[in-house]
Every structure is written in C-alpha cells, then in structure tokens.
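A.B. asks: So I've got this file, coords32.cif, and it contains mmCIF, C-alpha atoms:
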data_structure
#
loop_
_atom_site.label_atom_id
_atom_site.label_comp_id
_atom_site.auth_asym_id
_atom_site.auth_seq_id
_atom_site.Cartn_x
_atom_site.Cartn_y
_atom_site.Cartn_z
CA MET D 1 7.09 1.12 19.15
CA LYS D 2 3.93 1.29 21.24
CA THR D 3 1.05 -0.89 19.99
CA ILE D 4 -2.40 -1.89 21.21
CA HIS D 5 -0.76 -4.81 23.00
CA ASP D 6 0.86 -2.33 25.41
CA PHE D 7 -2.56 -1.22 26.63
CA ASN D 8 -5.49 -2.75 28.47
CA PHE D 9 -8.62 -1.15 27.04
CA ASN D 10 -10.97 -2.27 29.83
CA HIS D 11 -13.60 0.49 30.28
CA LYS D 12 -11.65 2.63 27.78
CA LYS D 13 -12.95 4.24 24.60
CA ALA D 14 -10.47 3.72 21.76
CA LEU D 15 -10.59 6.36 19.03
CA ILE D 16 -9.29 4.41 16.03
CA ARG D 17 -8.19 5.94 12.74
CA VAL D 18 -8.99 3.16 10.28
CA ASP D 19 -8.67 3.18 6.50
CA PHE D 20 -12.15 2.29 5.27
CA ASN D 21 -11.63 4.02 1.92
CA VAL D 22 -13.17 1.04 0.12
CA PRO D 23 -14.66 0.74 -3.38
CA LEU D 24 -18.45 0.86 -3.72
CA ASN D 25 -20.64 -0.16 -6.68
CA ASP D 26 -23.59 1.81 -8.05
CA SER D 27 -25.79 0.34 -5.30
CA PHE D 28 -23.34 1.55 -2.63
CA GLN D 29 -22.27 -1.99 -1.79
CA VAL D 30 -18.65 -2.63 -0.80
CA THR D 31 -16.90 -4.54 -3.61
CA ASP D 32 -13.59 -5.18 -1.84
CA THR D 33 -13.60 -5.69 1.94
CA THR D 34 -9.82 -6.15 2.35
CA ARG D 35 -9.27 -2.94 4.30
CA ILE D 36 -12.15 -3.60 6.68
CA GLU D 37 -10.94 -7.14 7.30
CA ALA D 38 -7.43 -5.79 7.92
CA ALA D 39 -8.72 -3.60 10.78
CA LYS D 40 -10.58 -6.47 12.48
CA PRO D 41 -7.75 -7.75 14.74
CA THR D 42 -7.30 -4.31 16.31
CA ILE D 43 -11.02 -3.82 16.88
CA ILE D 44 -11.51 -7.32 18.33
CA LYS D 45 -8.55 -6.93 20.73
CA ILE D 46 -10.02 -3.73 22.15
CA LEU D 47 -13.51 -5.20 22.51
CA GLU D 48 -12.18 -8.36 24.15
CA ASP D 49 -10.27 -6.22 26.65
CA GLY D 50 -13.62 -4.77 27.69
CA GLY D 51 -13.29 -1.51 25.83
CA SER D 52 -15.31 0.19 23.10
CA CYS D 53 -14.36 1.45 19.63
CA VAL D 54 -14.98 4.79 17.93
CA LEU D 55 -14.01 4.34 14.27
CA MET D 56 -13.10 7.28 12.05
CA SER D 57 -12.15 7.19 8.38
CA HIS D 58 -12.37 9.01 5.10
CA LEU D 59 -14.06 7.68 1.95
CA GLY D 60 -13.21 8.97 -1.50
CA ARG D 61 -12.60 12.61 -2.30
CA PRO D 62 -15.84 14.42 -1.47
CA LYS D 63 -16.38 18.11 -2.05
CA GLY D 64 -18.30 18.97 1.08
CA VAL D 65 -21.08 16.63 2.22
CA GLN D 66 -22.02 14.17 -0.55
CA ASN D 67 -24.25 11.17 0.11
CA GLU D 68 -22.32 8.95 -2.29
CA PHE D 69 -19.29 9.24 0.03
CA SER D 70 -21.17 8.66 3.28
CA LEU D 71 -19.73 5.97 5.54
CA GLN D 72 -23.31 5.02 6.36
CA HIS D 73 -23.13 2.87 3.19
CA ILE D 74 -20.46 0.64 4.70
CA ALA D 75 -21.76 0.32 8.29
CA ALA D 76 -23.58 -2.96 7.60
CA THR D 77 -20.47 -4.47 5.98
CA VAL D 78 -18.35 -3.46 8.97
CA ARG D 79 -20.94 -5.10 11.25
CA ASP D 80 -20.90 -8.32 9.21
CA ILE D 81 -17.09 -8.55 9.19
CA ILE D 82 -16.51 -7.64 12.85
CA GLY D 83 -19.54 -9.57 14.08
CA VAL D 84 -20.71 -6.73 16.35
CA GLU D 85 -23.52 -4.21 15.84
CA VAL D 86 -22.23 -0.87 14.52
CA GLN D 87 -23.88 2.42 15.43
CA PHE D 88 -23.47 5.02 12.69
CA VAL D 89 -23.19 8.68 13.72
CA ALA D 90 -23.96 11.28 11.06
CA ASN D 91 -21.04 13.55 11.94
CA CYS D 92 -17.49 13.06 13.16
CA VAL D 93 -17.31 16.09 15.45
CA GLY D 94 -19.70 18.25 17.45
CA ALA D 95 -22.59 17.65 19.83
CA GLU D 96 -24.08 14.61 18.06
CA ALA D 97 -20.76 12.74 17.97
CA GLU D 98 -19.85 13.68 21.54
CA ALA D 99 -23.26 12.59 22.87
CA ALA D 100 -23.02 9.24 21.06
CA VAL D 101 -19.57 8.60 22.52
CA ALA D 102 -20.67 9.64 26.02
CA ASN D 103 -23.40 6.97 25.86
CA LEU D 104 -21.15 4.30 24.29
CA GLU D 105 -21.04 1.13 26.38
CA ASP D 106 -18.13 -1.30 26.68
CA GLY D 107 -18.09 -3.87 23.87
CA LYS D 108 -19.85 -1.53 21.41
CA ILE D 109 -18.76 0.15 18.18
CA ILE D 110 -19.47 3.58 16.72
CA LEU D 111 -18.67 4.49 13.11
CA LEU D 112 -18.34 8.24 12.57
CA GLU D 113 -19.24 10.01 9.34
CA ASN D 114 -16.62 10.74 6.65
CA LEU D 115 -13.80 12.89 8.04
CA ARG D 116 -13.34 14.57 4.67
CA PHE D 117 -16.81 16.08 4.80
CA HIS D 118 -14.88 18.69 6.79
CA GLU D 119 -12.17 20.50 4.81
CA GLU D 120 -10.26 20.96 8.08
CA GLU D 121 -9.30 17.26 7.97
CA LYS D 122 -6.99 17.53 4.94
CA LYS D 123 -5.69 20.90 6.10
CA GLY D 124 -4.44 19.36 9.34
CA ASP D 125 -6.48 21.88 11.31
CA VAL D 126 -5.51 21.85 15.00
CA ALA D 127 -8.94 22.91 16.31
CA PHE D 128 -10.62 20.14 14.27
CA ALA D 129 -8.11 17.60 15.58
CA GLU D 130 -8.84 18.75 19.12
CA GLN D 131 -12.58 18.24 18.54
CA LEU D 132 -11.91 14.71 17.32
CA SER D 133 -9.68 14.01 20.32
CA LYS D 134 -12.65 14.45 22.67
CA LEU D 135 -14.13 11.22 21.28
CA GLY D 136 -11.74 8.72 22.91
CA ASP D 137 -9.49 7.94 25.88
CA ILE D 138 -6.76 6.29 23.80
CA TYR D 139 -5.85 7.15 20.20
CA VAL D 140 -5.05 4.21 17.91
CA ASN D 141 -3.73 4.76 14.39
CA ASP D 142 -4.36 1.68 12.25
CA ALA D 143 -4.54 3.42 8.87
CA PHE D 144 -1.32 2.81 6.94
CA GLY D 145 -2.96 3.94 3.70
CA THR D 146 -3.09 7.51 5.01
CA ALA D 147 0.02 7.49 7.22
CA HIS D 148 1.87 9.62 4.66
CA ARG D 149 -0.67 12.43 5.02
CA ALA D 150 -0.29 15.13 7.69
CA HIS D 151 -4.06 15.26 8.19
CA ALA D 152 -5.91 16.16 11.37
CA SER D 153 -6.93 12.55 12.14
CA THR D 154 -3.62 10.92 11.20
CA SER D 155 -0.93 13.08 12.77
CA VAL D 156 -2.15 16.32 14.39
CA ILE D 157 -4.61 14.56 16.71
CA ALA D 158 -1.88 12.48 18.40
CA SER D 159 -0.56 15.50 20.31
CA PHE D 160 -3.75 15.63 22.37
CA PHE D 161 -3.28 12.14 23.82
CA GLY D 162 0.15 12.34 25.48
CA GLU D 163 1.24 8.77 26.27
CA ASN D 164 -2.21 7.37 25.44
CA LYS D 165 -1.57 6.72 21.76
CA CYS D 166 -0.38 3.67 19.86
CA PHE D 167 -0.33 1.76 16.59
CA GLY D 168 -3.02 -0.77 15.75
CA SER D 169 -2.10 -4.32 14.70
CA LEU D 170 -2.26 -3.52 10.98
CA LEU D 171 -0.06 -0.42 11.07
CA ALA D 172 2.44 -2.17 13.36
CA LYS D 173 2.67 -5.06 10.84
CA GLU D 174 3.22 -2.62 7.98
CA ILE D 175 6.06 -0.91 9.85
CA GLU D 176 7.66 -4.24 10.79
CA SER D 177 7.36 -5.60 7.22
CA ILE D 178 8.99 -2.56 5.63
CA ASP D 179 11.70 -2.64 8.32
CA LYS D 180 12.45 -6.25 7.38
CA VAL D 181 13.11 -5.22 3.80
CA MET D 182 14.95 -1.97 4.56
CA THR D 183 17.06 -2.80 7.61
CA SER D 184 16.62 -6.07 9.48
CA GLY D 185 15.88 -8.57 6.71
CA GLU D 186 17.99 -11.67 6.18
CA LYS D 187 20.22 -11.40 3.12
CA PRO D 188 20.26 -11.76 0.15
CA VAL D 189 17.59 -9.06 -0.21
CA THR D 190 15.92 -8.71 -3.63
CA ALA D 191 13.72 -5.80 -4.71
CA ILE D 192 11.48 -6.21 -7.75
CA LEU D 193 10.60 -2.84 -9.26
CA GLY D 194 8.15 -2.82 -12.13
CA GLY D 195 5.62 -0.43 -13.57
CA ALA D 196 5.60 2.03 -16.41
CA LYS D 197 8.11 4.75 -15.60
CA VAL D 198 11.62 5.05 -14.19
CA SER D 199 10.75 8.58 -13.03
CA SER D 200 8.24 7.26 -10.49
CA LYS D 201 10.80 4.86 -8.97
CA ILE D 202 14.02 6.91 -9.01
CA THR D 203 13.95 7.87 -5.34
CA ILE D 204 13.12 4.30 -4.33
CA ILE D 205 16.01 2.87 -6.38
CA GLU D 206 18.45 5.42 -4.97
CA ASN D 207 17.28 4.81 -1.39
CA ILE D 208 17.45 1.01 -1.52
CA LEU D 209 20.82 0.66 -3.26
CA ASP D 210 22.53 0.47 0.14
CA LYS D 211 19.99 -2.00 1.49
CA VAL D 212 19.55 -4.71 -1.17
CA ASN D 213 21.70 -7.25 -2.98
CA HIS D 214 19.60 -7.62 -6.14
CA ILE D 215 17.20 -5.38 -8.07
CA ILE D 216 14.93 -6.94 -10.67
CA ILE D 217 13.54 -4.40 -13.14
CA GLY D 218 10.45 -4.98 -15.26
CA GLY D 219 7.49 -3.25 -16.84
CA GLY D 220 7.70 -0.23 -19.09
CA MET D 221 10.65 1.20 -17.15
CA THR D 222 12.77 -1.65 -18.57
CA PHE D 223 13.11 0.07 -21.92
CA THR D 224 14.63 3.30 -20.61
CA PHE D 225 17.46 1.15 -19.19
CA ILE D 226 17.73 -0.96 -22.37
CA LYS D 227 17.92 2.12 -24.58
CA ALA D 228 20.46 3.71 -22.22
CA LEU D 229 22.63 0.62 -22.79
CA GLY D 230 22.34 1.01 -26.58
CA GLY D 231 19.56 -1.48 -27.26
CA GLN D 232 16.87 -1.14 -29.96
CA ILE D 233 13.46 -0.83 -28.27
CA GLY D 234 11.13 -0.19 -31.23
CA ASN D 235 7.99 1.63 -30.13
CA SER D 236 8.29 0.58 -26.46
CA LEU D 237 7.61 3.05 -23.69
CA VAL D 238 10.70 5.14 -22.93
CA GLU D 239 11.62 8.28 -20.98
CA ASP D 240 14.41 9.77 -23.06
CA GLU D 241 15.09 12.49 -20.50
CA TYR D 242 16.06 9.78 -17.99
CA LEU D 243 18.56 7.85 -20.14
CA ASN D 244 21.59 9.39 -18.43
CA LEU D 245 20.04 8.81 -15.02
CA ALA D 246 19.46 5.16 -15.91
CA LYS D 247 23.17 4.86 -16.76
CA ASP D 248 24.07 6.53 -13.46
CA ILE D 249 21.86 4.09 -11.52
CA LEU D 250 23.53 1.12 -13.23
CA ALA D 251 26.97 2.54 -12.45
CA LYS D 252 26.10 3.23 -8.79
CA ALA D 253 24.67 -0.26 -8.39
CA LYS D 254 27.83 -1.81 -9.84
CA ALA D 255 30.03 0.26 -7.52
CA LYS D 256 27.99 -0.89 -4.51
CA GLY D 257 28.00 -4.54 -5.58
CA VAL D 258 24.24 -4.60 -6.24
CA ALA D 259 23.21 -6.84 -9.13
CA ILE D 260 20.61 -5.28 -11.43
CA HIS D 261 18.68 -7.81 -13.50
CA LEU D 262 17.03 -6.57 -16.70
CA PRO D 263 14.76 -8.68 -18.93
CA VAL D 264 16.63 -10.48 -21.71
CA ASP D 265 13.61 -11.38 -23.84
CA ALA D 266 10.27 -9.68 -24.35
CA VAL D 267 6.80 -10.41 -25.65
CA VAL D 268 6.24 -7.60 -28.13
CA ALA D 269 3.07 -6.49 -29.90
CA ASP D 270 2.22 -4.30 -32.87
CA ALA D 271 -0.55 -2.58 -30.89
CA PHE D 272 -1.52 -1.99 -27.25
CA ALA D 273 -4.32 -4.55 -27.35
CA ASN D 274 -4.98 -8.08 -26.11
CA ASP D 275 -5.63 -9.30 -29.67
CA ALA D 276 -2.57 -7.61 -31.22
CA ASN D 277 -0.03 -9.58 -33.22
CA ILE D 278 2.75 -10.73 -30.92
CA GLN D 279 6.24 -12.20 -31.18
CA LEU D 280 9.08 -13.10 -28.81
CA VAL D 281 12.33 -11.16 -29.29
CA ASP D 282 15.57 -10.20 -27.58
CA THR D 283 14.94 -7.07 -25.45
CA THR D 284 17.78 -5.28 -27.23
CA LYS D 285 16.41 -6.01 -30.72
CA ILE D 286 12.78 -4.93 -30.76
CA PRO D 287 11.72 -4.06 -34.33
CA ASP D 288 10.32 -0.66 -35.27
CA GLY D 289 6.54 -0.57 -34.90
CA TRP D 290 6.57 -3.13 -32.07
CA MET D 291 6.41 -2.53 -28.34
CA GLY D 292 7.43 -4.65 -25.35
CA LEU D 293 4.41 -5.52 -23.18
CA ASP D 294 5.68 -8.49 -21.14
CA VAL D 295 8.86 -10.40 -20.32
CA GLY D 296 9.65 -13.65 -22.07
CA PRO D 297 10.28 -17.17 -20.69
CA LYS D 298 14.10 -16.82 -20.50
CA THR D 299 13.69 -13.75 -18.33
CA SER D 300 11.20 -15.56 -16.10
CA GLU D 301 13.74 -18.37 -15.58
CA ILE D 302 16.53 -15.95 -14.68
CA PHE D 303 14.32 -14.00 -12.27
CA ALA D 304 13.07 -17.23 -10.66
CA ASP D 305 16.68 -18.29 -10.01
CA VAL D 306 17.45 -14.98 -8.32
CA LEU D 307 14.35 -15.28 -6.13
CA ALA D 308 15.05 -18.91 -5.23
CA ASN D 309 18.32 -17.72 -3.68
CA SER D 310 16.80 -14.72 -1.86
CA LYS D 311 15.87 -14.56 1.82
CA THR D 312 14.00 -11.25 1.76
CA ILE D 313 11.87 -10.11 -1.20
CA LEU D 314 10.08 -6.84 -2.00
CA TRP D 315 7.68 -6.84 -4.95
CA ASN D 316 6.65 -3.39 -6.16
CA GLY D 317 5.24 -3.32 -9.68
CA PRO D 318 4.24 -5.85 -12.35
CA LEU D 319 6.52 -7.06 -15.16
CA GLY D 320 4.04 -6.49 -17.97
CA VAL D 321 0.53 -5.38 -18.85
CA PHE D 322 -0.93 -8.15 -16.69
CA GLU D 323 -4.49 -6.83 -17.06
CA MET D 324 -4.42 -8.23 -20.62
CA GLU D 325 -4.21 -12.02 -20.68
CA ALA D 326 -1.77 -12.06 -23.60
CA PHE D 327 0.78 -10.10 -21.52
CA SER D 328 0.17 -11.56 -18.06
CA LYS D 329 2.46 -14.61 -18.16
CA GLY D 330 5.60 -12.84 -16.93
CA THR D 331 3.87 -11.35 -13.90
CA ILE D 332 2.21 -14.69 -13.09
CA ALA D 333 5.57 -16.51 -13.34
CA LEU D 334 7.16 -13.89 -11.10
CA GLY D 335 4.37 -14.23 -8.54
CA ASN D 336 4.73 -18.02 -8.54
CA ALA D 337 8.50 -17.69 -8.03
CA ILE D 338 7.93 -15.39 -5.05
CA VAL D 339 5.44 -17.89 -3.59
CA ALA D 340 7.97 -20.73 -4.04
CA ALA D 341 10.70 -18.70 -2.32
CA THR D 342 8.28 -17.88 0.52
CA LYS D 343 7.51 -21.57 1.00
CA ASN D 344 11.26 -22.15 1.28
CA GLY D 345 11.55 -19.66 4.13
CA ALA D 346 12.00 -16.27 2.45
CA PHE D 347 10.12 -13.21 3.74
CA SER D 348 8.10 -11.62 0.93
CA LEU D 349 6.43 -8.20 1.00
CA VAL D 350 4.06 -7.16 -1.79
CA GLY D 351 3.32 -3.45 -1.96
CA GLY D 352 2.08 -0.85 -4.40
CA GLY D 353 -1.33 -0.81 -6.06
CA ASP D 354 -0.59 -2.77 -9.23
CA SER D 355 1.44 -5.47 -7.47
CA VAL D 356 -1.31 -5.97 -4.91
CA ALA D 357 -3.92 -6.07 -7.69
CA ALA D 358 -1.87 -8.69 -9.57
CA ALA D 359 -1.35 -10.79 -6.41
CA LYS D 360 -5.11 -10.75 -5.80
CA GLN D 361 -6.03 -11.41 -9.43
CA PHE D 362 -3.80 -14.47 -9.64
CA GLY D 363 -4.64 -15.85 -6.19
CA LEU D 364 -1.21 -15.23 -4.67
CA SER D 365 -2.16 -12.93 -1.76
CA THR D 366 -2.37 -15.62 0.90
CA ALA D 367 0.84 -17.36 -0.23
CA VAL D 368 3.24 -14.45 0.38
CA SER D 369 4.40 -13.19 3.78
CA TYR D 370 2.64 -9.83 3.75
CA VAL D 371 0.53 -7.73 1.38
CA SER D 372 0.68 -4.01 2.15
CA THR D 373 -2.57 -2.05 2.40
CA GLY D 374 -1.07 1.32 1.50
CA GLY D 375 0.09 2.35 -1.98
CA GLY D 376 1.38 5.91 -1.55
CA ALA D 377 2.45 5.31 2.06
CA MET D 378 4.38 2.21 1.03
CA LEU D 379 6.20 4.07 -1.75
CA GLU D 380 7.15 6.97 0.54
CA SER D 381 8.44 4.50 3.14
CA LEU D 382 10.64 2.85 0.50
CA GLU D 383 11.87 6.30 -0.54
CA GLY D 384 13.11 6.76 3.02
CA LYS D 385 10.63 9.48 3.92
CA THR D 386 9.29 9.93 7.44
CA LEU D 387 5.52 9.37 7.42
CA PRO D 388 3.65 11.95 9.53
CA GLY D 389 1.10 9.42 10.84
CA ILE D 390 3.88 7.16 12.11
CA ALA D 391 6.11 9.92 13.46
CA ALA D 392 3.18 11.31 15.50
CA ILE D 393 2.94 8.05 17.49
CA LEU D 394 6.69 7.43 17.82
CA ASN D 395 7.37 10.95 19.06
CA ALA D 396 5.44 10.55 22.30
#
In structure tokens, how does this file's structure come out?

C.D. replies:
Amino acid sequence: MKTIHDFNFNHKKALIRVDFNVPLNDSFQVTDTTRIEAAKPTIIKILEDGGSCVLMSHLGRPKGVQNEFSLQHIAATVRDIIGVEVQFVANCVGAEAEAAVANLEDGKIILLENLRFHEEEKKGDVAFAEQLSKLGDIYVNDAFGTAHRAHASTSVIASFFGENKCFGSLLAKEIESIDKVMTSGEKPVTAILGGAKVSSKITIIENILDKVNHIIIGGGMTFTFIKALGGQIGNSLVEDEYLNLAKDILAKAKAKGVAIHLPVDAVVADAFANDANIQLVDTTKIPDGWMGLDVGPKTSEIFADVLANSKTILWNGPLGVFEMEAFSKGTIALGNAIVAATKNGAFSLVGGGDSVAAAKQFGLSTAVSYVSTGGGAMLESLEGKTLPGIAAILNA
C-alpha cells in the first residue's frame, strides 16, 4: 500500500482529493471541523517536504453552480486549522485553475471550487478527470468518505498518474483500521451492530460471520430477531419479511461458532417521545401498545462482559434512540464499556454515522482507537465490497 510516506514532495505539487463535505450553518460557517482536521497530517507532511497542495473536494449535492455549496465558504476555516494561507480558485478545471497551479509556490495551498458544480464529476467522466490531473504532479487520495464512489476525482483520475499516486494519512489509517477488524485483528473479535433495520445490515452480518467471534445486536433490529425466536415485541419496530432470514443468520452463526448476543431486557415506552411513559421489561415479553427504545441494565452488564474479554471491537450502530435522553443510557453504557476495553489494550473502531454521532455526543471519540470518517464507505468495506477509490491506488 503506497502512502504519502513513500514520496518526497520537495518541489512537487500534490493534487489531494480531500473530503471537505462539512456542515455549514445559515451564515455559511463550518459547524463541525472534524473532516478538515482529519486531512491536516497529510497536508502538513507535504508542505514540510517542501511541496505544495492543491485541494479538491465536493460539498453537498448542488444542482449546477450554487453559492450555498461553494467551497469559498470554508477556505478561512481550512486556513485556521492548517495554519497556512489558503488561496481559493473559483473553478476546479480550466484556464483559471491551471494558471493558479502554474503559479503555485512551494509551501502554499490552493483550494479548488466544488467538484460537483460539474456533472462530469459524479458521472466519472474521463475527459473531466484528465483535466483535473493537469493540476498536480502526484495524486493523493485522502477522502475515505467518497472512496466508495467511482467518481472522476476519486477513481478515474488515478489512471493519469502512473506510479505517482498514493493514499493520504487518513485514508491509509481507515484501510488499516478496517483490516484490523476484518483480517489481522487479535481475537476475540466482537462486532456491535445496532440501528433500526436488519435489512440494512444483512450483507455486513453475512460477510463478518467468518471473521468475528461475537456479534452484539441492538437498536430496532433487535426485535426482528426476538420475534423470529417467538418473543412478544408489542409495538416495537419489526421487519416481518426478514423473520426467516433472522433465523437463518442465527443458525449460520451457531454453525460457525459465533456467539450472537441479543438484549435480554428493554426500556419500553408507550410513545416515541422523550416524555413518554416508560417501563423495564424482558425483551421477549413487551406488552401490546409498548415499544422497545433502549436496552436495559442487565443487557448492558452482559454486553460489558463480552467487551471486557474482547481484543478487537467494531462498533456500528447505537443500541437505542440515544438522541432522546430517556433512551440514551444503553448506548452510553456500551460506549463506556468500549472505552474500558480500549484502555485494557483492545483495538476499537467506531464507524457509521449514528455510532460516530453518539461517540461525539457522549465525549467518547478520543478514548477509542479510531473513529471512521466515512459512513457509506465504511459500510461497503464491512460488506466486503471493493471500493473504487481504494482500488484505483492499489492497482498501480
């Protein structure tokens, strides 16, 4: 795997695909700088080598050129985080961009305008990718969040750089972290799969059955498994069309010696609201008119024991509706158990939008081994899919 550490960027212009798809408020101020901060090590390494950086990214889902999605809004934030002046260029291809790059001095940074202002980007247009390729000597992909897209700037462009292409620090860490869970991690390996629906996690479960020792299941998907086993789930979320599949998954896991841990108690409510009436019940005996919205304390104890004896941990999905305080305790307890296991030497990877949001909300992000920056890309990696943005660099 070729990374930026295999290159000396002295007097070289690095064309870096970053993921600066960051949230903005009504005043166009960046409200979460995580993705910009994540790209900093790559940018600093190149500048310290004596090279220069040409940054390209998308922002949002614009339809043509729309000011609200202009990367000009984030240039000052990038400057503040990197600590180097950032020159914004109002296009990402063409004469203006090429002239700016031609005049770019070592140690300087250019930020190009939103790639998705050109429809050719998402189409993976070869001519557009070739235009982009003129803007650097070495291509660096550091955008894990878009690595699962076969877009012009993430996969097609790599073919124009021959051997002069590599992964940035962030993307290399993402690949290494997922590899630790999927292939090289110390056993026992535990995967925590939460979230609302079994249907969205089927391919992940099937792909990881040969790679893990334990699977902890939580969130709304719990109740499809509980019902499949004959339990009473009241008004809890369920996918009736997946009941047989849930049984099949449990049977396959048993045959492979993988322990599946389902919640044994649940915090149930008579409405989907923070101020609903709640009670604690056995997960197999939820009364009619009540729905499971969090795991109970017995479940938290069982899950904590499993994690305390794990050496590699993947957390993908919350255990309850953690956005509501009344149903956040299970997810908080899980996060604390992962942190405790990490302190005792386990490797812990947090990935998937809701898990990352929970880790941030409860102040756990810095206490786990790695927090992934890519939701969709992370899920496709766990499903065993080849990501175009990664394959383009590996297939030199």

A.B. asks: Taking the file as shown, find all residues satisfying the PyMOL selection byres ((chain D and resi 370) around 9) and write them as a PyMOL selection string.

C.D. replies: chain D and resi 173-174+177+347-351+365-369+371-372

A.B. asks: Which residues fall under the PyMOL selection byres ((chain D and resi 12) around 12) in this file, as a PyMOL selection string?

C.D. replies: chain D and resi 7-11+13-15+46-54+101-102+104-108+135-140+164

A.B. asks: Quick one: axis-aligned box around all listed atoms of range 125-132 of chain D, 3 Å on every side, centre and edge lengths in Å to one decimal, written as JSON.

C.D. replies:
{"center_x": -9.0, "center_y": 18.8, "center_z": 15.2, "size_x": 13.1, "size_y": 14.2, "size_z": 13.8}

A.B. asks: To verify the selection step, state as a list in words which residues the PyMOL selection byres ((chain D and resi 16-33) around 7) yields on this input.

C.D. replies: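 That selection, the PyMOL selection byres ((chain D and resi 16-33) around 7), comes back as Ala14, Leu15, Thr34, Arg35, Ile36, Glu37, Ala39, Cys53, Val54, Leu55, Met56, Ser57, His58, Leu59, Gly60, His73, Ile74, Tyr139, Val140, Asn141, Asp142, Ala143, Gly145, Ser153 and Thr154 of chain D.
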
A.B. asks: Got time to write the residues from that selection, C-alpha atoms, as a PDB file, keeping the file's coordinate frame?

C.D. replies:
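As a result, result-v6.pdb now contains:
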ATOM      1  CA  ALA D  14     -10.470   3.720  21.760  1.00  0.00           C
ATOM      2  CA  LEU D  15     -10.590   6.360  19.030  1.00  0.00           C
ATOM      3  CA  THR D  34      -9.820  -6.150   2.350  1.00  0.00           C
ATOM      4  CA  ARG D  35      -9.270  -2.940   4.300  1.00  0.00           C
ATOM      5  CA  ILE D  36     -12.150  -3.600   6.680  1.00  0.00           C
ATOM      6  CA  GLU D  37     -10.940  -7.140   7.300  1.00  0.00           C
ATOM      7  CA  ALA D  39      -8.720  -3.600  10.780  1.00  0.00           C
ATOM      8  CA  CYS D  53     -14.360   1.450  19.630  1.00  0.00           C
ATOM      9  CA  VAL D  54     -14.980   4.790  17.930  1.00  0.00           C
ATOM     10  CA  LEU D  55     -14.010   4.340  14.270  1.00  0.00           C
ATOM     11  CA  MET D  56     -13.100   7.280  12.050  1.00  0.00           C
ATOM     12  CA  SER D  57     -12.150   7.190   8.380  1.00  0.00           C
ATOM     13  CA  HIS D  58     -12.370   9.010   5.100  1.00  0.00           C
ATOM     14  CA  LEU D  59     -14.060   7.680   1.950  1.00  0.00           C
ATOM     15  CA  GLY D  60     -13.210   8.970  -1.500  1.00  0.00           C
ATOM     16  CA  HIS D  73     -23.130   2.870   3.190  1.00  0.00           C
ATOM     17  CA  ILE D  74     -20.460   0.640   4.700  1.00  0.00           C
ATOM     18  CA  TYR D 139      -5.850   7.150  20.200  1.00  0.00           C
ATOM     19  CA  VAL D 140      -5.050   4.210  17.910  1.00  0.00           C
ATOM     20  CA  ASN D 141      -3.730   4.760  14.390  1.00  0.00           C
ATOM     21  CA  ASP D 142      -4.360   1.680  12.250  1.00  0.00           C
ATOM     22  CA  ALA D 143      -4.540   3.420   8.870  1.00  0.00           C
ATOM     23  CA  GLY D 145      -2.960   3.940   3.700  1.00  0.00           C
ATOM     24  CA  SER D 153      -6.930  12.550  12.140  1.00  0.00           C
ATOM     25  CA  THR D 154      -3.620  10.920  11.200  1.00  0.00           C
TER      26      THR D 154
END

A.B. asks: Interatomic distance between CA of Ala152 in chain D and CA of Gly124 in chain D?

C.D. replies: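 Rounded to one decimal, the two atoms are 4.1 Å apart.
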
A.B. asks: Mind pulling up the distance from CA of Asp282 in chain D to CA of Leu229 in chain D?

C.D. replies: 13.8 Å

A.B. asks: What lies within 7 Å of range 256-272 of chain D using only C-alpha atoms, ignoring chain neighbours under 4 positions off, as a list of chain:residue names?

C.D. replies: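 Contacts, with the query itself left out: D:Leu209, D:Val212, D:Asn213, D:His214, D:Ile215, D:Ile216, D:Ile217, D:Gly218, D:Thr222, D:Lys252, D:Ala276, D:Asn277, D:Ile278, D:Gln279, D:Leu280, D:Val281, D:Asp282, D:Thr283, D:Gly289, D:Trp290, D:Met291, D:Gly292, D:Leu293, D:Asp294, D:Val295, D:Gly296, D:Lys298, D:Thr299.
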
A.B. asks: Please report the interatomic distance between CA of Asp80 in chain D and CA of Lys40 in chain D in Å with one decimal.

C.D. replies: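 One can read the CA of Asp80 in chain D to CA of Lys40 in chain D distance as 11.0 Å.
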
A.B. asks: Range 332-340 of chain D: which residues within 8 Å, counting all atoms listed in the file, same-chain residues fewer than 4 positions away excluded, as a PyMOL selection string?

C.D. replies: chain D and resi 300+303-304+307-308+313+319+328+344+348+359+362+364+367-368

A.B. asks: Store the residues picked out above in a file with C-alpha atoms, as a tab-separated table (two decimals), in the frame of the given file.

C.D. replies:
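This went into part16.tsv:
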chain	number	residue	atom	x	y	z
D	300	SER	CA	11.20	-15.56	-16.10
D	303	PHE	CA	14.32	-14.00	-12.27
D	304	ALA	CA	13.07	-17.23	-10.66
D	307	LEU	CA	14.35	-15.28	-6.13
D	308	ALA	CA	15.05	-18.91	-5.23
D	313	ILE	CA	11.87	-10.11	-1.20
D	319	LEU	CA	6.52	-7.06	-15.16
D	328	SER	CA	0.17	-11.56	-18.06
D	344	ASN	CA	11.26	-22.15	1.28
D	348	SER	CA	8.10	-11.62	0.93
D	359	ALA	CA	-1.35	-10.79	-6.41
D	362	PHE	CA	-3.80	-14.47	-9.64
D	364	LEU	CA	-1.21	-15.23	-4.67
D	367	ALA	CA	0.84	-17.36	-0.23
D	368	VAL	CA	3.24	-14.45	0.38

A.B. asks: Go through D:Thr224, D:Ser155, D:Asn309, D:Asn316 and flag the residue nearest Gly194 in chain D, using only C-alpha atoms for the distances.

C.D. replies: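 Smallest separation from Gly194 in chain D among the options: D:Asn316.
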
A.B. asks: Can you tell me, as a list in words, what residues are no more than 10 Å from Glu206 in chain D when counting all atoms listed in the file, ignoring any on the same chain fewer than 2 positions away?

C.D. replies: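 Close residues of Glu206 in chain D: Lys201, Ile202, Thr203, Ile204, Ile208, Leu209, Asp210, Lys211, Ile249, Lys252, Ala253, Leu382, Glu383 and Gly384 of chain D.
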
A.B. asks: Between D:Thr312, D:Thr373, D:Thr3, D:Ser133, which has the minimum distance to Ser184 in chain D (counting all atoms listed in the file)?

C.D. replies: D:Thr312

A.B. asks: Go through D:Thr190, D:Asn114, D:Thr42, D:Asn274 one by one, measure the shortest atom-to-atom distance of each to Leu71 in chain D using only C-alpha atoms, and give the residue with the smallest value.

C.D. replies: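 Closest residue, counting only C-alpha atoms: D:Asn114.
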